[in-house]
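Step one of this worksheet: look at the structure below.
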Amino acid sequence: MSDDTTTGELGSDLVGADDEDLLIAQAAVEARRGGVGHGNKIGMPVEKSDNFVATLKRLGEILGREAWLLMVVFGLTLASVVCVVVGPRLLGKATDVIVNGVTSGGIDFGQLHRQLGWVAALYFAAWALSAAQSWLLAGVVQRSMYGLRESVEHKINRLPLSYIDRHSRGDLLSRVTNDIDNLSQSLSQTVSTIVQGILVLIGVAIMMFLVSPLLALVALVMVPVSLGLVKYIGAKARPRYLSQWRYTGVVNGQAEEVFTGHAIVKSFGRQRQAEEKFEGDNDQLYEATFGAAFVSGLIQPLTVFVGNLQFVMMAVVGGLRISSGAITIGDMQAMIQYVRQFSQPMTQLASMASTFQSGIASLERVLELLDAEELSDEQADTVDPQPVQGRIAFDHVSFSYLPDQPLINDLSVVAEPGQTIAIVGPTGAGKTTIVNLLMRFYELDSGSISIDGRDIASMPRAELRKKIGMVLQDTWLFGGTIRENLAYGNPDATDEQIIEAARATYVDRFVRRLPDGYDTVINDEGDNISAGEKQLMTIARAFLADPSILILDEATSSVDTRTEVMIQEAMNALRASRTSFVIAHRLSTIRGADVIMVMESGRIVEQGSHDQLIEANGAYARLYNAQFAGQAT
Amino acid sequence: MNLSRLLKRHLHPYRRTIEIVILFQALQTIANLMIPTLSADLINDGVLVGDNDFIWRTGGIMLLFSAVQVLLAVAAMYFGSRVAMGFARDIRRDLFHQVTDFSAREVGHFGAPSLITRITNDVQQVQMLVVMGVTMMIAAPITMVVGTVMAVREDVGLSIVLAVAIPAIVVSLGAIVLSMVPSFQKMQIRIDHLNTVLREQLTGIRVVRAFVREPQETKRFADANEDLTVVALRAGRLMSLMFPTVGLVVNLASIGVLWVGADRIASGDIEVGSLIAYLSYAVQVLFSVVMVTFMISMIPRASVSSDRIMEVIDTDTTVVAPTNPVTALTERGTLEFRNVGFRYPGAEQPVLANISFRIEPGQTTAIIGATGSGKSTLVSLVSRLMDATEGTVLVDGVDVRQLDPDLLWGKIGYAPQKSYLFSGTVASNLRFGKPDATDAELWEALDIAQASDFVQAMPDGLNSEIAQGGTNVSGGQRQRLAIARALVVRPEIYVFDDSFSALDLTTDARLRAALAPHTTESAMLIVAQRVSTIRHANQVLVLERGQLVGVGTHDELIETCPTYAEIVQSQDVREVAA
């Protein structure tokens with residue numbers, strides 16, 4: 001074999017299909033590695049490495065839902081790897097035809113063109129196989145991400161309110177958008193390359209042992225070095241990725257909070273402080289993303305260096321063996337080809353490892369949310385055959401948000417069907433907590449609440465809440481039209497019903513003034529609707545839901561009193577056949593209540609009708625007269 | 001184009017570092033181009049001839065080059081990462097700054113969820129492009145030029161292959177990239193939408209649960225999720241065609257080199273050695289074309305994102321700080337409206353028209369009026385959350401638009417209608433307007449706001465934790481903390497936007513009584529619903545549909561203003577009688 005021949009085959013080897021794919025994919029990795037950070041739960045400790053394995057398993061479960069498709073992807077990858085390994089071989093043969101032709105005086109063009117035709121066919125096959133493979137894999141990844149986002153949303157519906165109340169909204173949002181986006185990008189880049197790379201490595205390793213076990217050992221001795229390097233750098237990169245995504249969550253949270261409380265930040269002149277705080281977090285994110293990008297960016301040049309080291313070692317050992325006649329030049333030539341073929345996927349895998357880790361760090365944050373403790377299990381859906389009478393009994397109810405701070409102590413009260421129960425008392429006496437407990441937003445510590453003799457704890461939450469219509473002090477409307485918002489509790493409502501409810505609650509009056517009427521789009525920040533108008537809409541919403549039990553928690557606090565008087569009339573009609581709980585500071589709102597409960601520090605200190613309580617001249621009478629205290633000053 | 005504006009503007013501070021990166025990358029690329037030549041020499045003149053000295057020598061040189069290359073690559077990576085991450089950090093900082101500069105109107109225009117996506121996800125898309133650029137875009141053109149020169153030096157005739165292959169790559173990748181553009185545009189909008197839906201579910205979770213709307217909310221989320229998945233899948237699939245297609249073109253090119261090269265060898269134009277060398281250079285050149293094209297493929301998504309970023313940065317706040325603020329104040333503790341009007345752009349009806357009144361130090365003016373009559377809008381003009389579109393608002397005798405905003409805000413203690421607390425502690429919230437307030441000052445404010453009892457009862461007192469939005473305290477407690485927060489400022493002008501409505505009457509009365517001695521030199525503007533809250537105000541303004549329909553004291557207005565009389569009538573009979 002002449003020098004030219006050898007060089008020729010080495011040259012053709014450079015054209016192997018794997019090289020380009022690998023390098024292009026590396027380009028993607030480079031880009032990805034810089035991916036701006038996203039964050040972890042605030043204050044979360046640095047992960048232990050066994051979490052990584054556990055998270056990998058969960059990833060397997062998530063992707064495993066499409067196991068059969070993954071098998072197909074695997075099969076296609078295997079087939080394309082075969083093409084990739086065989087391709088350079090055939091191209092080398094074509095070079096041989098040319099070289100032989102030159103030495104023998106005439107190139108056999110027929111044979112050359114046939115040979116090249118075969119190679120072209122093979123490359124087309126490789127193209128079709130890997131395109132099909134990536135196409136299918138994109139589907140698997142995107143559907144899995146769909147599933148993951150869906151699980152998060154389901155999870156939010158099953159989390160206790162205490163969890164939602166305690167966590168930064170911006171951070172929760174970051175997990176669904178930024179983290180899942182990162183995971184999806186990292187999976188679509190790494191999965192097929194990793195599978196392909198491993199297959200190429202195994203194939204090449206087998207070929208090397210077939211050619212020369214000794215040289216194969218020499219070549220493979222660098223594998224543990226590469227692996228050790230990848231592992232070492234990986235261990236350094238991992239906490240940096242975790243903190244990258246954690247600080248993305250922090251930055252997202254800080255932005256969310258300040259943008260939400262924008263008016264306060266402005267009018268307290270706190271812009272500069274908010275910016276300073278943001279900049280602090282932003283700098284942390286900068287350091288974290290830089291650290292992750294730099295440390296994981298070391299892998300690629302270092303593995304290339306190891307590859308070169310390996311090559312030189314091979315050359316030295318091979319040269320000595322040839323001198324001693326132990327191996328043939330042909331074997332040596334083949335080995336060198338394989339070493340080259342071996343180091344490319346090695347470098348590739350090393351780079352992919354870091355991208356993959358970034359994705360796993362994000363997945364961990366998503367799983368952390370998915371693994372949070374859920375609400376107690378519901379009993380099987382039982383349909384309540386009887387119509388609701390509306391007798392509500394609190395029996396020795398105790399509750400506290402924090403273990404050492406009892407809020408409701410041994411509270412017992414009965415609301416007969418159709419009665420209106422007013423709850424009054426100083427702020428913080430536990431009035432709103434009563435609502436939280438009746439709605440089962442929070443669970444009791446002890447005692448029970450029953451509706452028509454049935455313990456609400458044994459009722460599915462949905463069934464319980466369907467019986468109850470609630471209007472809260474905090475108005476909340478979703479981004480949609482006024483019509484959609486009114487029909488929120490009763491999606492089947494007809495337009496007539498909607499307008500009827502709107503008229504009864506004086507919503508119709510201002511809606512008619514809006515250019516788009518009931519089709520006006522509103523949102524939580526919307527400035528086209530005033531706070532009082534929003535409150536009217538929440539009343540209309542409850543009106544339309546037509547519940548058996550009504551809860552009005554400061555339902556009209558932002559509505560002017562004239563409008564309130566009018567709404568009162570509508571509400572009286574609404575309340576007539578329903579048991580209602582009314583919390584209000586305006587005594588005009590509650591004067592007509594059947595029972596007025598006066599609460600202080602989680603206890604009922606007085607109860608009775610307005611007249612009885614005034615007569616008794618106790619806490620209620622003091623409260624009632626208190627509005628005149630202002631006069632004295 | 002927004003992308004180039006964004007890059008120009010935010011990469012400018014890093015131009016020195018970028019120069020270093022370019023230098024290192026160039027040297028690294030050249031070292032890299034040497035290695036194949038050295039390894040070919042090593043095989044051909046060393047291993048295959050059994051020249052061990054040559055192997056050692058060339059092997060050493062090769063490792064040396066390789067080591068130098070690694071060092072350069074690492075250094076380039078270090079500086080390149082600094083540039084790319086610093087670039088992203090600066091954009092986030094500028095975006096945040098811009099949004100905090102915005103008035104309420106601009107924030108409402110974009111919507112908080114969209115602003116949040118822009119500050120994290122969109123910035124990330126542009127950052128990816130920059131990372132890509134600084135880490136490899138410098139190597140690509142060098143490889144391309146050097147490779148082409150070397151290839152053409154080997155044989156000009158073979159260049160027909162490159163002349164076909166390069167356009168083939170550009171066209172095939174270009175077609176794929178162009179068809180991805182619409183998907184990327186939709187993708188950011190749909191991430192926004194998903195964010196909006198989920199944020200609404202979190203903020204409205206009590207209502208969602210109360211109305212048992214989980215199934216519908218799940219459906220709404222599923223729709224948004226589906227919409228996002230459809231575009232992401234389309235983009236992902238097009239992307240999946242890219243690598244195999246590029247690989248195919250490069251492979252076909254190498255077949256082409258052999259095909260054409262065989263003819264040229266047969267005709268004696270070139271040697272076999274040149275053919276082989278040409279082949280490896282051609283692959284390098286094509287690969288660098290791929291790199292450039294790949295980077296170009298990232299431009300569509302980055303471009304969509306930079307449009308969204310620049311849209312925020314280019315939006316001027318409607319409330320601008322004066323260039324030459326007035327510093328000489330003639331009065332202290334006064335607030336005056338002179339023929340003030342406010343109208344949203346394009347709206348037929350003004351929200352406020354022709355409002356004039358004046359509050360002297362130590363005096364209280366109350367505003368009462370029907371829901372939607374413009375009370376909150378009026379209040380938001382004082383602290384310049386929005387600017388009046390007609391007339392002037394004067395604080396201490398100076399047009400608020402002429403005052404330094406920090407000075408203005410320092411004079412105002414504002415308690416909004418929807419009390420919002422920030423995550424942190426009771427103390428951190430109270431110090432919001434006066435970071436250096438002492439604990440004693442905080443307790444005094446809490447005392448006045450009738451909030452010290454429950455704060456004392458909290459396990460950690462002033463250091464008790466407050467959840468975002470203040471959801472872990474009751475509505476009334478939140479309101480009182482919001483009032484205390486305004487009191488800590490010891491402002492010259494108090495603005496209470498319906499802040500007392502969530503308080504029970506006792507607390508309301510006690511609070512006002514406790515507040516009175518502290519406001520003898522301050523102007524007080526109160527929006528209220530209850531007549532009892534405002535009956536002792538020096539002046540009551542009755543608003544109806546943005547117009548002042550009555551100005552005077554409680555007693556005067558009962559006689560002269562029918563609207564006010566009706567309001568009083570609608571409230572407790574005893575209150576009227578008393």
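To be explicit about the labels: the chains of the structure tokens are called A, B, and onward in the order shown, and within each one the residues are counted from 1, while ligands get numbers from 1 in the order they are shown.
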Per residue of segment 150-174 of chain B within 8 Å of segment 274-295 of chain B, which atom pair is closest and at what distance in Å (one decimal), using only C-alpha atoms, listed by chain and increasing number, as JSON lines?
```
{"residue": "B:Met150", "atom": "CA", "partner": "B:Tyr281", "partner_atom": "CA", "distance": 6.9}
{"residue": "B:Ala151", "atom": "CA", "partner": "B:Tyr278", "partner_atom": "CA", "distance": 5.2}
{"residue": "B:Glu154", "atom": "CA", "partner": "B:Ser274", "partner_atom": "CA", "distance": 5.7}
{"residue": "B:Asp155", "atom": "CA", "partner": "B:Ser274", "partner_atom": "CA", "distance": 7.3}
{"residue": "B:Leu162", "atom": "CA", "partner": "B:Ala282", "partner_atom": "CA", "distance": 6.9}
{"residue": "B:Ala165", "atom": "CA", "partner": "B:Leu286", "partner_atom": "CA", "distance": 7.6}
{"residue": "B:Ile166", "atom": "CA", "partner": "B:Leu286", "partner_atom": "CA", "distance": 6.5}
{"residue": "B:Ile169", "atom": "CA", "partner": "B:Val290", "partner_atom": "CA", "distance": 7.1}
{"residue": "B:Val170", "atom": "CA", "partner": "B:Thr293", "partner_atom": "CA", "distance": 6.7}
{"residue": "B:Leu173", "atom": "CA", "partner": "B:Thr293", "partner_atom": "CA", "distance": 6.9}
{"residue": "B:Gly174", "atom": "CA", "partner": "B:Thr293", "partner_atom": "CA", "distance": 7.6}
```
Per DSSP on the backbone, filter segment 476-576 of chain A down to the residues in strand (DSSP E or B) and report them as a CSV table (one decimal) with N, CA and C atoms, in the first residue's frame.
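File produced: out_37.csv:
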```
chain,number,residue,atom,x,y,z
A,480,GLY,N,-60.7,38.5,29.3
A,480,GLY,CA,-61.8,38.0,28.4
A,480,GLY,C,-62.8,39.1,28.4
A,481,THR,N,-63.9,38.8,27.7
A,481,THR,CA,-65.0,39.8,27.6
A,481,THR,C,-65.8,39.9,28.9
A,521,VAL,N,-63.2,43.8,26.3
A,521,VAL,CA,-62.3,42.9,26.9
A,521,VAL,C,-61.6,43.5,28.1
A,522,ILE,N,-61.6,42.8,29.2
A,522,ILE,CA,-61.0,43.3,30.4
A,522,ILE,C,-59.9,42.4,30.9
A,549,ILE,N,-76.3,28.5,48.4
A,549,ILE,CA,-75.8,29.2,49.5
A,549,ILE,C,-74.9,30.3,49.0
A,550,LEU,N,-75.0,31.5,49.7
A,550,LEU,CA,-74.3,32.7,49.2
A,550,LEU,C,-73.3,33.1,50.3
A,551,ILE,N,-72.1,33.5,49.9
A,551,ILE,CA,-71.2,34.1,50.8
A,551,ILE,C,-70.8,35.5,50.2
A,552,LEU,N,-71.0,36.5,51.0
A,552,LEU,CA,-70.7,37.8,50.5
A,552,LEU,C,-69.6,38.4,51.5
A,553,ASP,N,-68.4,38.4,51.1
A,553,ASP,CA,-67.3,38.9,51.9
A,553,ASP,C,-66.9,40.3,51.5
```
Checklist entry - Out of B:Leu72, B:Val152, B:Leu505, B:Val319, which residue has the shortest atom-to-atom distance to chain A when counting only C-alpha atoms? => result B:Leu505
Next on the checklist: Set the distance at 10 Å and use only C-alpha atoms: which residues neighbour Val489 of chain B once local chain neighbours fewer than 5 positions away are removed? I'd like the list as a ChimeraX atom specification.
Outcome noted: /A:268 /B:409-414,430-435,437,441-442,445,484,494
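Put simply, atom CA of Gln271 of chain A is 14.4 Å away from atom CA of Asn429 of chain B.
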